[in-house]
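To keep things clear, I will list the structure first and then write my remarks on it.
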Amino acid sequence: MYFLKRLLWLIPLLLVVSFVCFALLRLTPGSPFDRERHPASPEIERQIAAKYHLDEPFWKQYGRFLGDLLHGDFGPSLKYRNHTVNDLIRQGLPVSMSLGLLAFCLALGIGLPLGCYTAMRQGRWGDYVGSLYAILMVCVPVFVLAPLLVMFLAVQWHWFPVALWGSARHAVLPVVALGLFYSGRVAHLMREGMLNIMRAEFIKTARAKGLSETAVFLRHGLRLALLPVVSYAGPMLADLLTGSFVVETIFQIPGLGAAFINGFLNRDYSLVIGLVMLYAVLLVLLNLAVDFAYTLLDPRVKYE
Amino acid sequence: MSSANRDTAIRRWLRFRFKPAWAARRRRARKVAMLSVAWLGLLLTLSGCFQAESPADVVIVNGNEPESLDPQIVTGVSEMRITKALFDGLIRLDPTNAAPVPGLAERWEVSTDGKLYTFYLRSNAVWSTGEPITSADVEWSWFRALDPMTASDYAGQLFGIKNAENWYNGRVTNRAEVGFRALDAHTFQVELNVPLAFFPELCAFPTLAVIPRQTIETYGDRWLHAKPLPTSGAFTLDAWRVNDKVRLRRNPRYWDVANTASEVVDVLPISSPNTALNLYATGAADIVWDKDLVPAELMDVLVERPDFHSFTYLGTYFYRFNVNEPPLNDSRVRRAFALATDKARLISKLTRGIGRPAAHFVPDGVAHYSSPPGLDYDPAAARAALAAAGFPEGKGFPRLSYTFFSASGGANLHGKIAVELQQMWREVLGVDIELRQIERKVFYASQSKLDYQISTSSWIGDYNDANTFLDLFLSASGNNRTGWKNARYDALVAAANAETDQTKRADRFRQAETILIAEEAPIVPLYFYLGYNYYDDQKIGGIWPNILDEHPIQFIYKRPPQRQSTTVAQSASAGTGNPTPRE
């Protein structure tokens, strides 16, 4: 029932998001058709605005947008004029999703064991080295990490392609860049979660019973220590699935991250709103998944 | 309960309560199997996103992602390069010198007054799907460009044709009154308002290309997604994936297929100069051909390389004054700023050889034209002009702003130029100019509304004629954006446009340009662009430098490792009316 209610809340939420986004875009100075070169006659500019209904009052435009939305149609892209926004999402989403899911798996694959390991080795060399890695990954931005990977692994040593998309080899560097970046945060959260849980009473009881330290960690600590990581993983996955502007630009990946930023810079209203709505839906669904995961991991959590 | 049943129940309970080790192992194995299946599923799903494609013959790094591939919609140089490969016009441009040569029309005649053109279409011109291309297709295509519903930015390219503008604005509704018509299947006639010397070049412009009527009527704005897509040019559209690639495949039915040098060409939309250079350096791309794709910080190194090609280009970088803003409404003040601008210093200090100082507005090398002298750097004259306007040594001069936009890559130059100009004007004129950096779209909107005082600008010519630059500052031009209006200038440009004698025409344009850059100075030219390509001419053939940066894709090919020169000669000289490579 709780989850159904949360799903129903999605409707008013999307309405508010779409309205705010629509209004902000219209209030932003500059229009999709402002450019260095003007058409030869003002009449041409008027006709272009009329074709895309940009000459209509705000409410009429918004109403038209909602009407189209009911049919699952985000309308034509104002920048890529032979494509609809649905086309662009259909082309870009699988790419961003593949990149995002692989990076997500890599981030968890490195971050979770590393977080556990550093917590188990607290105050020892293993902890210092692991924590240094986590701090480095959190501090070094992707726009530094990615070009470094390109410079060494692609340009100098020719192990991987420098950019583009099309084969599994093309995916390696962008996935590593994104995965490493997020793995630092995951490792940090995992370590903190682990250390907090290990101070709990029931852990002391488990130790008192004579269980080995590894068994205490893995059997009793891990499940609850995962909670902060799970909270972070929802929005992180939403971010990754909808594409990273920096990585997609550096590696020339035809995903949604670059489309979103360029869409705004080009004032491609329909594309920006379409992507914002997609992001909102993903974020809500993934937060819902996080809540669900809480009920699995922590028996004390129950939703009415 | 019987004792046997009780024993069975106890055994079951014991089995449930104390599971043997093998059961736990089986459970773990089941979990591992399920996880493996889930991983496999995920990997399979992801692998579906990677499309294996055969490599192209030539890979070209183009500029930004094309806004469209519809020839009547495109506005940018990078997308026009692709549309020209897909859709031919009556005339096309020679790849060696960008001069107009026969395209779909095998020849044309011009009346003695220069106002009536008759084109004769090739009998072997067919769509890539096999149907013949007729004059009716040309007529329909041109009417589509003039249809307000097409929303073509470049519809104005046809306004030199009799009644074309009236048709666009709805003042003429009878098609027969518009000055172009199909006389028969292979004859097409055009009547102009005035004799436009550059009309053949306009016929090679994408807006006037020939496009497939039936497909457009069926699919509307999504016609480029039709399968098969009928094209009139040297290539068909194999794939178009946004921000990924445009794949072109040789059109076997093209009238000049013998000269289409490559079977498959990939055009990559890349906006980052560093990515472009990396792709080229690692051999993933064969050609990089956009001046904005040259990393400015590596220019010093790149210009020394044999695979770096630069050439004169039809573009000028300049700044505008808003002449409605006092004291910029005084031409003496504007002249003072122009005379205080040291263009040579700007080039040597900032652009490191990527441009040539501009003393006038129309770039050198434009056909049948040479510009008059403009205002050279002269600090003494600059100070005198400002003093004459009432601001000796800049005293009492209001604080004005110089507006420019922020941009990525090599375009960060705008900011550096702004800082340098600010310093020059302070040193020479004693005036203090504030710098105002705004986002690109906001910049264009501000410039259109004349919400600026001095602003950065640039212009790339559409065709090789002085008109493509001097038309900008006509009083009624939407591209004027200075508030400057001059009846004498308007009359001179109009007279030049109507003139058929090239000498007289050039003279009138020169008088007009003198008013623009020396007398009234609503703009100050800073430097002329250079065009840049990088490709290894030991490996790539079919590219010739020319002022329009025009390099038709159909002539470009990759040289085989052996027997280089013989293959070149065979591929490019087989057809008629085509250039012979000059390598």
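Ligands are numbered from 1 in the order shown, chains are lettered A, B, ... in the order of the structure tokens, and residues start at 1 in each chain.
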Quick one: which chain B residues come within 6 Å of chain A, and what is the nearest atom pair for each with the distance in Å to one decimal, counting only C-alpha atoms, rows ordered by chain and ascending number, as a Markdown table?
```
| residue | atom | partner | partner_atom | distance |
| --- | --- | --- | --- | --- |
| B:Leu46 | CA | A:Ser98 | CA | 5.3 |
| B:Phe50 | CA | A:Gly166 | CA | 4.9 |
| B:Gln51 | CA | A:Gly166 | CA | 5.3 |
| B:Glu67 | CA | A:Tyr80 | CA | 4.3 |
| B:Ser68 | CA | A:Arg81 | CA | 5.7 |
| B:Pro148 | CA | A:Gln47 | CA | 5.8 |
| B:Ala151 | CA | A:Ile48 | CA | 4.8 |
| B:Asp153 | CA | A:Pro39 | CA | 4.9 |
| B:Tyr154 | CA | A:Pro39 | CA | 6.0 |
| B:Gly156 | CA | A:Ala40 | CA | 4.9 |
| B:Asp221 | CA | A:Asn82 | CA | 5.7 |
| B:Arg222 | CA | A:Asn82 | CA | 5.4 |
| B:Asn243 | CA | A:Pro254 | CA | 4.8 |
| B:Asp244 | CA | A:Pro254 | CA | 5.2 |
| B:Lys441 | CA | A:Gly30 | CA | 4.9 |
| B:Val442 | CA | A:Gly30 | CA | 4.8 |
| B:Tyr444 | CA | A:Arg35 | CA | 5.6 |
| B:Ala445 | CA | A:Gly30 | CA | 5.2 |
| B:Gly478 | CA | A:His38 | CA | 5.8 |
| B:Asn479 | CA | A:His38 | CA | 5.6 |
```
Practice item. List the neighbours of Val142 of chain A out to 8 Å using only C-alpha atoms; skip same-chain residues closer than 6 positions along the sequence, and give me the result as a list in words. Key: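 My reading of the contact set: Ala177, Leu178, Phe181, Val246 and Val247 of chain A.
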Study note, to complete from the structure: Separating atom CA of Arg305 of chain B from atom CA of Asp266 of chain B, to the nearest tenth of an Å, is a gap of 24.7 Å
Review point. DSSP on the backbone: what in segment 258-329 of chain B comes out strand (DSSP E), as a list of chain:residue names?
Key: B:Val264, B:Val265, B:Asp266, B:Val267, B:Leu268, B:Pro269, B:Ile287, B:Val288, B:Phe308, B:His309, B:Ser310, B:Phe311, B:Thr312, B:Tyr313, B:Leu314, B:Gly315, B:Thr316, B:Tyr317, B:Phe318, B:Tyr319, B:Arg320, B:Phe321
Write the residues of the selection above to a file with N, CA and C atoms, as a PDB file, in the first residue's frame.
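What ended up in again.pdb:
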```pdb
ATOM      1  N   VAL B 264      32.058   3.883 -48.396  1.00  0.00           N
ATOM      2  CA  VAL B 264      31.420   4.238 -47.114  1.00  0.00           C
ATOM      3  C   VAL B 264      32.256   5.313 -46.419  1.00  0.00           C
ATOM      4  N   VAL B 265      31.573   6.370 -46.009  1.00  0.00           N
ATOM      5  CA  VAL B 265      32.257   7.455 -45.294  1.00  0.00           C
ATOM      6  C   VAL B 265      31.517   7.699 -43.986  1.00  0.00           C
ATOM      7  N   ASP B 266      32.270   7.733 -42.890  1.00  0.00           N
ATOM      8  CA  ASP B 266      31.676   8.077 -41.602  1.00  0.00           C
ATOM      9  C   ASP B 266      31.995   9.526 -41.277  1.00  0.00           C
ATOM     10  N   VAL B 267      30.969  10.261 -40.920  1.00  0.00           N
ATOM     11  CA  VAL B 267      31.165  11.645 -40.501  1.00  0.00           C
ATOM     12  C   VAL B 267      30.829  11.719 -39.015  1.00  0.00           C
ATOM     13  N   LEU B 268      31.824  12.071 -38.214  1.00  0.00           N
ATOM     14  CA  LEU B 268      31.628  12.053 -36.761  1.00  0.00           C
ATOM     15  C   LEU B 268      31.356  13.461 -36.239  1.00  0.00           C
ATOM     16  N   PRO B 269      30.297  13.611 -35.471  1.00  0.00           N
ATOM     17  CA  PRO B 269      30.041  14.924 -34.884  1.00  0.00           C
ATOM     18  C   PRO B 269      30.837  15.073 -33.590  1.00  0.00           C
ATOM     19  N   ILE B 287      40.514  12.492 -41.126  1.00  0.00           N
ATOM     20  CA  ILE B 287      40.504  13.929 -41.442  1.00  0.00           C
ATOM     21  C   ILE B 287      39.818  14.672 -40.302  1.00  0.00           C
ATOM     22  N   VAL B 288      40.377  15.824 -39.927  1.00  0.00           N
ATOM     23  CA  VAL B 288      39.669  16.742 -39.017  1.00  0.00           C
ATOM     24  C   VAL B 288      39.526  18.028 -39.804  1.00  0.00           C
ATOM     25  N   PHE B 308      49.141  19.449 -41.294  1.00  0.00           N
ATOM     26  CA  PHE B 308      48.267  20.556 -40.891  1.00  0.00           C
ATOM     27  C   PHE B 308      48.168  21.525 -42.058  1.00  0.00           C
ATOM     28  N   HIS B 309      46.951  21.741 -42.553  1.00  0.00           N
ATOM     29  CA  HIS B 309      46.772  22.553 -43.750  1.00  0.00           C
ATOM     30  C   HIS B 309      45.947  23.793 -43.403  1.00  0.00           C
ATOM     31  N   SER B 310      46.485  24.953 -43.676  1.00  0.00           N
ATOM     32  CA  SER B 310      45.698  26.168 -43.443  1.00  0.00           C
ATOM     33  C   SER B 310      45.578  26.938 -44.750  1.00  0.00           C
ATOM     34  N   PHE B 311      44.506  27.689 -44.874  1.00  0.00           N
ATOM     35  CA  PHE B 311      44.244  28.394 -46.133  1.00  0.00           C
ATOM     36  C   PHE B 311      43.328  29.585 -45.871  1.00  0.00           C
ATOM     37  N   THR B 312      43.320  30.498 -46.826  1.00  0.00           N
ATOM     38  CA  THR B 312      42.467  31.684 -46.738  1.00  0.00           C
ATOM     39  C   THR B 312      41.006  31.256 -46.685  1.00  0.00           C
ATOM     40  N   TYR B 313      40.248  31.890 -45.815  1.00  0.00           N
ATOM     41  CA  TYR B 313      38.871  31.463 -45.614  1.00  0.00           C
ATOM     42  C   TYR B 313      37.953  32.683 -45.631  1.00  0.00           C
ATOM     43  N   LEU B 314      36.714  32.467 -45.990  1.00  0.00           N
ATOM     44  CA  LEU B 314      35.771  33.563 -46.190  1.00  0.00           C
ATOM     45  C   LEU B 314      35.099  33.960 -44.865  1.00  0.00           C
ATOM     46  N   GLY B 315      35.891  34.443 -43.943  1.00  0.00           N
ATOM     47  CA  GLY B 315      35.304  34.816 -42.656  1.00  0.00           C
ATOM     48  C   GLY B 315      36.054  35.956 -42.010  1.00  0.00           C
ATOM     49  N   THR B 316      35.332  36.834 -41.325  1.00  0.00           N
ATOM     50  CA  THR B 316      35.943  37.996 -40.671  1.00  0.00           C
ATOM     51  C   THR B 316      35.495  38.069 -39.222  1.00  0.00           C
ATOM     52  N   TYR B 317      36.431  38.347 -38.340  1.00  0.00           N
ATOM     53  CA  TYR B 317      36.116  38.586 -36.922  1.00  0.00           C
ATOM     54  C   TYR B 317      36.139  40.096 -36.735  1.00  0.00           C
ATOM     55  N   PHE B 318      35.122  40.648 -36.101  1.00  0.00           N
ATOM     56  CA  PHE B 318      35.047  42.112 -35.966  1.00  0.00           C
ATOM     57  C   PHE B 318      34.278  42.458 -34.694  1.00  0.00           C
ATOM     58  N   TYR B 319      34.222  43.735 -34.361  1.00  0.00           N
ATOM     59  CA  TYR B 319      33.321  44.127 -33.274  1.00  0.00           C
ATOM     60  C   TYR B 319      32.351  45.192 -33.757  1.00  0.00           C
ATOM     61  N   ARG B 320      31.193  45.198 -33.139  1.00  0.00           N
ATOM     62  CA  ARG B 320      30.127  46.125 -33.525  1.00  0.00           C
ATOM     63  C   ARG B 320      29.970  47.214 -32.469  1.00  0.00           C
ATOM     64  N   PHE B 321      29.522  48.380 -32.908  1.00  0.00           N
ATOM     65  CA  PHE B 321      29.083  49.421 -31.981  1.00  0.00           C
ATOM     66  C   PHE B 321      27.564  49.476 -32.042  1.00  0.00           C
TER      67      PHE B 321
END
```
Exercise for review: Enumerate as a VMD selection string all residues of segment 122-177 of chain A assigned to alpha helix (DSSP H) by DSSP on the backbone, naming them with the chain letters and numbers the document uses.
Suggested key: chain A and resid 125 to 139 142 to 149 168 to 177
Exercise for review: Pick out the residues sitting within 12 Å of segment 94-100 of chain B, and hand them over as a ChimeraX atom specification; count only C-alpha atoms, and ignore anything fewer than 5 positions along from it in its own chain.
Suggested key: /B:81,89,105-108,197-205,311-314,365-367,462-465,541-556,572,577-583
Exercise for review: Excluding Met137 of chain A and any residue of its chain fewer than 5 positions from it, enumerate the residues within 10 Å of it, using only C-alpha atoms, and give them as an NGL selection string.
Suggested key: :A and (131-132 or 142 or 145 or 177 or 179-185 or 187)
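Taking only C-alpha atoms into account, Asp378 of chain B lies nearest to B:Thr341 out of the set B:Thr207, B:Thr341, B:Ser128, B:Thr215.
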Practice item. Using atom CA of Gln502 of chain B and atom CA of Leu116 of chain B as the two end points, give the distance in Å to one decimal. Key: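 Distance between the two atoms: 17.9 Å.
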Review point. Contacts of His360 of chain B at 10 Å or less, counting only C-alpha atoms, minus same-chain residues fewer than 3 places along, as a list in words?
Key: Thr316, Phe318, Pro357, Pro363, Asp364, Ser370, Ser371, Pro372, Pro373, Gly374, Leu375, Asp376, Glu513, Thr514, Leu516, Ile517, Ala518, Ile523, Val524, Pro525, Leu526, Tyr527 and Phe528 of chain B
Exercise for review: Name all residues at most 12 Å from segment 110-112 of chain A (count only C-alpha atoms; drop same-chain ones fewer than 3 positions away) and give them as a PyMOL selection string.
Suggested key: chain A and resi 103-107+115-119+130-131+133-135+137-138+176+179-194+218+222-223+225-230+233
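Counting only C-alpha atoms, segment 419-425 of chain B has the following residues at most 9 Å away, ignoring those fewer than 4 positions along the same chain: Phe337, Ala340, Thr341, Asp342, Leu346, Leu350, Tyr402, His414, Gly415, Leu429, Gly430, Val431, Asp432, Ile433, Glu434 and Leu435 of chain B.
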